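See structure below.
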Amino acid sequence: KNEVEQSPQNLTAQEGEFITINCSYSVGISALHWLQQHPGGGIVSLFMLSSGKKKHGRLIATINIQEKHSSLHITASHPRDSAVYICAGPRSQGNLIFGKGTKLSVKP
Amino acid sequence: DAGITQSPRHKVTETGTPVTLRCHQTENHRYMYWYRQDPGHGLRLIHYSYGVKDTDKGEVSDGYSVSRSKTEDFLLTLESATSSQTSVYFCAISEQGRETQYFGPGTRLLVL
């Protein structure tokens, strides 16, 4: 069993829909990262959070450390949001252990 | 965008040949990481560095070595490339160990 599990693996949405991607982890981590990998392959860090909620534009990330669960929400989705979204938790020295990613496709 | 580059961006090589990938940063960040990304596995840590000449193994370090003689450069070497090392390799940097990581553009390596 992976220490970091994401669901769903694939997600197709219509433009404008509200999207939720979930991340659960079995290891004790103090914070969680959300990353976005563009279709061209580049990886961008979206959020790092250890409690509560963070918001950046239409993206919202929440975390519940006690329940070992985090969610990434996208409001008013747009085709340009199509990407692979990856959650990751840090081990010692900051090494990240990654989920396998959620491939999001937003149709116009 | 963080100043982080990788070279080469693409490489095709033959089994048994040595290969060195370079990660270069202009941010003066202390931590540098090498990951590989494969279908069905996601990103996995190969080696990381927490300072000049300070390196440690990740979860998939067999067959790889690293060196960091300067803050800005982190080299990944495949001593004798194998087909199982065909992958996309990403370098990342972070100011401290538990902070946001910034990723390079990746290197596609094909070992024939």
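In the structure tokens, chains take the letters A, B, ... in the order shown, each chain's residues start at 1, and ligands count up from 1 in the order shown.
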field: Shell around segment 42-56 of chain A at 7 Å using only C-alpha atoms, local window under 4 positions removed, as a ChimeraX atom specification
entry: /A:30-38,60-65 /B:100-103,105
- prompt: So which residues touch Leu43 of chain B within 9 Å, counting only C-alpha atoms, skipping near sequence neighbours fewer than 6 positions away, as a ChimeraX atom specification?
  reply: /A:96-100 /B:35-37,90
Put those residues in a file: N, CA, C and O atoms, as a JSON list (two decimals), in the first residue's frame.
[["chain", "number", "residue", "atom", "x", "y", "z"],
["A", 96, "LEU", "N", 10.43, 14.16, -0.10],
["A", 96, "LEU", "CA", 9.01, 14.01, -0.35],
["A", 96, "LEU", "C", 8.67, 12.61, -0.79],
["A", 96, "LEU", "O", 9.42, 11.98, -1.53],
["A", 97, "ILE", "N", 7.54, 12.11, -0.30],
["A", 97, "ILE", "CA", 6.96, 10.88, -0.83],
["A", 97, "ILE", "C", 5.68, 11.29, -1.53],
["A", 97, "ILE", "O", 4.83, 11.98, -0.97],
["A", 98, "PHE", "N", 5.56, 10.84, -2.79],
["A", 98, "PHE", "CA", 4.53, 11.36, -3.67],
["A", 98, "PHE", "C", 3.39, 10.37, -3.87],
["A", 98, "PHE", "O", 3.59, 9.16, -3.90],
["A", 99, "GLY", "N", 2.19, 10.92, -4.06],
["A", 99, "GLY", "CA", 1.11, 10.12, -4.59],
["A", 99, "GLY", "C", 1.33, 9.93, -6.09],
["A", 99, "GLY", "O", 2.21, 10.54, -6.69],
["A", 100, "LYS", "N", 0.53, 9.08, -6.69],
["A", 100, "LYS", "CA", 0.71, 8.76, -8.10],
["A", 100, "LYS", "C", 0.06, 9.78, -9.02],
["A", 100, "LYS", "O", 0.21, 9.70, -10.23],
["B", 35, "TYR", "N", 14.94, 13.21, -8.63],
["B", 35, "TYR", "CA", 13.81, 12.29, -8.67],
["B", 35, "TYR", "C", 13.76, 11.65, -10.05],
["B", 35, "TYR", "O", 14.21, 12.21, -11.03],
["B", 36, "ARG", "N", 13.13, 10.48, -10.11],
["B", 36, "ARG", "CA", 12.76, 9.90, -11.39],
["B", 36, "ARG", "C", 11.25, 9.72, -11.42],
["B", 36, "ARG", "O", 10.61, 9.50, -10.39],
["B", 37, "GLN", "N", 10.69, 9.85, -12.61],
["B", 37, "GLN", "CA", 9.24, 9.71, -12.76],
["B", 37, "GLN", "C", 8.96, 8.66, -13.81],
["B", 37, "GLN", "O", 9.41, 8.78, -14.95],
["B", 90, "PHE", "N", 13.92, 14.47, -12.76],
["B", 90, "PHE", "CA", 13.68, 15.84, -12.32],
["B", 90, "PHE", "C", 14.63, 16.18, -11.18],
["B", 90, "PHE", "O", 14.82, 15.40, -10.25]]
message: List as a ChimeraX atom specification the protein and nucleic acid residues near Ser61 of chain B, meaning an atom at most 9 Å away when only C-alpha atoms are counted, but skip any in the same chain fewer than 6 places from it.
response: /B:45-47
- line: The residue from B:Leu75, B:Ala81, B:Met32, B:Val111 with the smallest atom-to-atom distance to chain A, counting only C-alpha atoms, is B:Met32
task: Excluding Tyr48 of chain B and residues on its chain fewer than 6 positions from it, collect all residues at most 12 Å away from it, counting only C-alpha atoms, and give them as a ChimeraX atom specification.
output: /A:92-96 /B:23,30-35,54-61,64-68,74-76,90-94,97
Go ahead and write the residues just picked, N, CA and C atoms, as an mmCIF file, in the first residue's frame.
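The resulting file, part22.cif, is reproduced below:
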data_model
loop_
_atom_site.group_PDB
_atom_site.id
_atom_site.type_symbol
_atom_site.label_atom_id
_atom_site.label_comp_id
_atom_site.auth_asym_id
_atom_site.auth_seq_id
_atom_site.Cartn_x
_atom_site.Cartn_y
_atom_site.Cartn_z
ATOM 1 N N SER A 92 11.842 12.812 6.667
ATOM 2 C CA SER A 92 12.962 13.515 7.297
ATOM 3 C C SER A 92 13.766 14.246 6.241
ATOM 4 N N GLN A 93 14.439 15.288 6.615
ATOM 5 C CA GLN A 93 15.258 16.117 5.733
ATOM 6 C C GLN A 93 14.465 16.722 4.595
ATOM 7 N N GLY A 94 13.144 16.640 4.672
ATOM 8 C CA GLY A 94 12.338 17.238 3.623
ATOM 9 C C GLY A 94 12.110 16.364 2.425
ATOM 10 N N ASN A 95 12.638 15.138 2.424
ATOM 11 C CA ASN A 95 12.380 14.256 1.290
ATOM 12 C C ASN A 95 10.890 14.051 1.134
ATOM 13 N N LEU A 96 10.431 14.156 -0.096
ATOM 14 C CA LEU A 96 9.012 14.014 -0.355
ATOM 15 C C LEU A 96 8.674 12.605 -0.789
ATOM 16 N N CYS B 23 22.274 19.303 -12.761
ATOM 17 C CA CYS B 23 21.272 20.239 -12.275
ATOM 18 C C CYS B 23 22.010 21.477 -11.792
ATOM 19 N N ARG B 30 19.981 25.532 -0.266
ATOM 20 C CA ARG B 30 20.831 24.543 0.381
ATOM 21 C C ARG B 30 20.527 23.119 -0.094
ATOM 22 N N TYR B 31 19.246 22.800 -0.270
ATOM 23 C CA TYR B 31 18.840 21.435 -0.572
ATOM 24 C C TYR B 31 18.628 21.239 -2.076
ATOM 25 N N MET B 32 19.110 20.109 -2.564
ATOM 26 C CA MET B 32 18.871 19.720 -3.960
ATOM 27 C C MET B 32 18.508 18.245 -4.001
ATOM 28 N N TYR B 33 17.646 17.903 -4.939
ATOM 29 C CA TYR B 33 17.086 16.548 -5.004
ATOM 30 C C TYR B 33 17.103 16.054 -6.446
ATOM 31 N N TRP B 34 17.270 14.742 -6.592
ATOM 32 C CA TRP B 34 17.069 14.083 -7.877
ATOM 33 C C TRP B 34 15.930 13.084 -7.729
ATOM 34 N N TYR B 35 14.936 13.211 -8.627
ATOM 35 C CA TYR B 35 13.812 12.288 -8.675
ATOM 36 C C TYR B 35 13.758 11.648 -10.053
ATOM 37 N N ASP B 54 27.540 17.089 1.040
ATOM 38 C CA ASP B 54 26.636 16.351 1.919
ATOM 39 C C ASP B 54 25.490 15.770 1.111
ATOM 40 N N THR B 55 25.495 14.447 0.957
ATOM 41 C CA THR B 55 24.450 13.801 0.181
ATOM 42 C C THR B 55 23.934 12.573 0.918
ATOM 43 N N ASP B 56 22.758 12.126 0.518
ATOM 44 C CA ASP B 56 22.198 10.926 1.128
ATOM 45 C C ASP B 56 21.313 10.219 0.109
ATOM 46 N N LYS B 57 21.055 8.931 0.374
ATOM 47 C CA LYS B 57 20.292 8.125 -0.565
ATOM 48 C C LYS B 57 18.804 8.331 -0.376
ATOM 49 N N GLY B 58 18.083 8.145 -1.495
ATOM 50 C CA GLY B 58 16.638 8.102 -1.450
ATOM 51 C C GLY B 58 16.150 6.679 -1.581
ATOM 52 N N GLU B 59 14.911 6.527 -1.994
ATOM 53 C CA GLU B 59 14.310 5.195 -2.015
ATOM 54 C C GLU B 59 14.722 4.351 -3.213
ATOM 55 N N VAL B 60 15.250 4.955 -4.289
ATOM 56 C CA VAL B 60 15.627 4.195 -5.480
ATOM 57 C C VAL B 60 17.053 4.558 -5.903
ATOM 58 N N SER B 61 17.998 4.431 -5.004
ATOM 59 C CA SER B 61 19.355 4.907 -5.256
ATOM 60 C C SER B 61 20.266 3.892 -5.950
ATOM 61 N N TYR B 64 22.851 4.487 -9.056
ATOM 62 C CA TYR B 64 23.057 5.928 -9.216
ATOM 63 C C TYR B 64 24.064 6.434 -8.177
ATOM 64 N N SER B 65 24.836 7.442 -8.571
ATOM 65 C CA SER B 65 25.667 8.154 -7.616
ATOM 66 C C SER B 65 25.499 9.646 -7.878
ATOM 67 N N VAL B 66 25.840 10.448 -6.880
ATOM 68 C CA VAL B 66 25.697 11.894 -7.007
ATOM 69 C C VAL B 66 26.943 12.582 -6.476
ATOM 70 N N SER B 67 27.088 13.822 -6.897
ATOM 71 C CA SER B 67 28.153 14.650 -6.332
ATOM 72 C C SER B 67 27.699 16.098 -6.293
ATOM 73 N N ARG B 68 28.144 16.776 -5.252
ATOM 74 C CA ARG B 68 27.850 18.203 -5.128
ATOM 75 C C ARG B 68 29.096 18.898 -4.592
ATOM 76 N N PHE B 74 24.459 20.006 -8.898
ATOM 77 C CA PHE B 74 24.206 18.675 -8.328
ATOM 78 C C PHE B 74 24.190 17.704 -9.500
ATOM 79 N N LEU B 75 25.147 16.796 -9.510
ATOM 80 C CA LEU B 75 25.304 15.878 -10.632
ATOM 81 C C LEU B 75 24.773 14.500 -10.270
ATOM 82 N N LEU B 76 24.069 13.904 -11.200
ATOM 83 C CA LEU B 76 23.573 12.531 -11.056
ATOM 84 C C LEU B 76 24.279 11.672 -12.090
ATOM 85 N N PHE B 90 13.924 14.467 -12.761
ATOM 86 C CA PHE B 90 13.683 15.837 -12.319
ATOM 87 C C PHE B 90 14.628 16.184 -11.179
ATOM 88 N N CYS B 91 15.167 17.368 -11.268
ATOM 89 C CA CYS B 91 15.910 17.950 -10.171
ATOM 90 C C CYS B 91 14.994 18.931 -9.459
ATOM 91 N N ALA B 92 15.160 19.068 -8.158
ATOM 92 C CA ALA B 92 14.399 20.047 -7.395
ATOM 93 C C ALA B 92 15.308 20.692 -6.365
ATOM 94 N N ILE B 93 14.920 21.885 -5.935
ATOM 95 C CA ILE B 93 15.689 22.595 -4.919
ATOM 96 C C ILE B 93 14.744 23.128 -3.851
ATOM 97 N N SER B 94 15.269 23.312 -2.659
ATOM 98 C CA SER B 94 14.506 23.994 -1.626
ATOM 99 C C SER B 94 15.481 24.705 -0.700
ATOM 100 N N GLY B 97 14.994 22.064 4.327
ATOM 101 C CA GLY B 97 14.532 20.717 4.042
ATOM 102 C C GLY B 97 13.033 20.532 4.018
#
- line: Of A:Ser77, A:Ser82, A:Gln14, A:Thr102, the one nearest to chain B when counting only C-alpha atoms is A:Thr102
field: Gap from atom CA of Arg44 of chain B to atom CA of Val4 of chain A - Å, one decimal
entry: 12.1 Å
message: When you look at Phe18 of chain A with a cut-off of 8 Å (counting only C-alpha atoms), what residues show up, excluding the ones that are within fewer than 5 positions of it in the same chain? I need them as a ChimeraX atom specification.
response: /A:73-77
message: At a cut-off of 12 Å, using only C-alpha atoms, what residues contact Gly16 of chain B? Leave out same-chain residues fewer than 5 positions from it and give the result as a list in words.
response: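 Within the cut-off, the hits are Gly63, Leu78, Glu79, Ser80, Ala81, Thr82, Ser83, Ser84, Gln85, Val111 and Leu112 of chain B.
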field: Contacts of Leu110 of chain B at 7 Å (only C-alpha atoms; same-chain gap of 3+ positions) as a list of chain:residue names
entry: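 Everything that qualifies: B:Lys11, B:Val12, B:Thr13, B:Thr86, B:Ser87.
Among the candidates A:Asp81, A:Glu5, A:Glu17, A:Glu67, the residue lying nearest to chain B is A:Glu5 (atoms considered: only C-alpha atoms).
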- prompt: When distances are computed from only C-alpha atoms, which of B:Asp38, B:Lys70, B:Leu109, B:Asp62 shows the smallest separation from chain A?
  reply: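 Result for the nearest residue to chain A: B:Asp38.
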Pairwise distance for atom CA of Lys68 of chain A and atom CA of Ile29 of chain A, rounded to one decimal in Å: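 Atom-to-atom, atom CA of Lys68 of chain A and atom CA of Ile29 of chain A are spaced 8.3 Å apart.
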query: Could you work out how far atom CA of Thr107 of chain B lies from atom CA of Thr20 of chain B, giving the answer in Å with one decimal?
result: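 Separation between atom CA of Thr20 of chain B and atom CA of Thr107 of chain B: 11.0 Å.
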- request: From the DSSP assignment of the backbone, select every residue of chain A that is strand (DSSP E or B), and format the answer as JSON, numbers by chain.
  value: {"A": [4, 5, 6, 7, 10, 11, 12, 13, 14, 19, 20, 21, 22, 23, 24, 25, 32, 33, 34, 35, 36, 37, 43, 44, 45, 46, 47, 48, 49, 52, 53, 54, 55, 56, 59, 60, 61, 62, 63, 64, 69, 70, 71, 72, 73, 74, 83, 84, 85, 86, 87, 88, 89, 90, 96, 97, 98, 102, 103, 104, 105, 106, 107]}
field: Counting only C-alpha atoms, the option among B:His41, B:Arg108, B:Lys53, B:His29 closest to chain A
entry: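 Comparing B:His41, B:Arg108, B:Lys53, B:His29 against chain A, the winner is B:His41.
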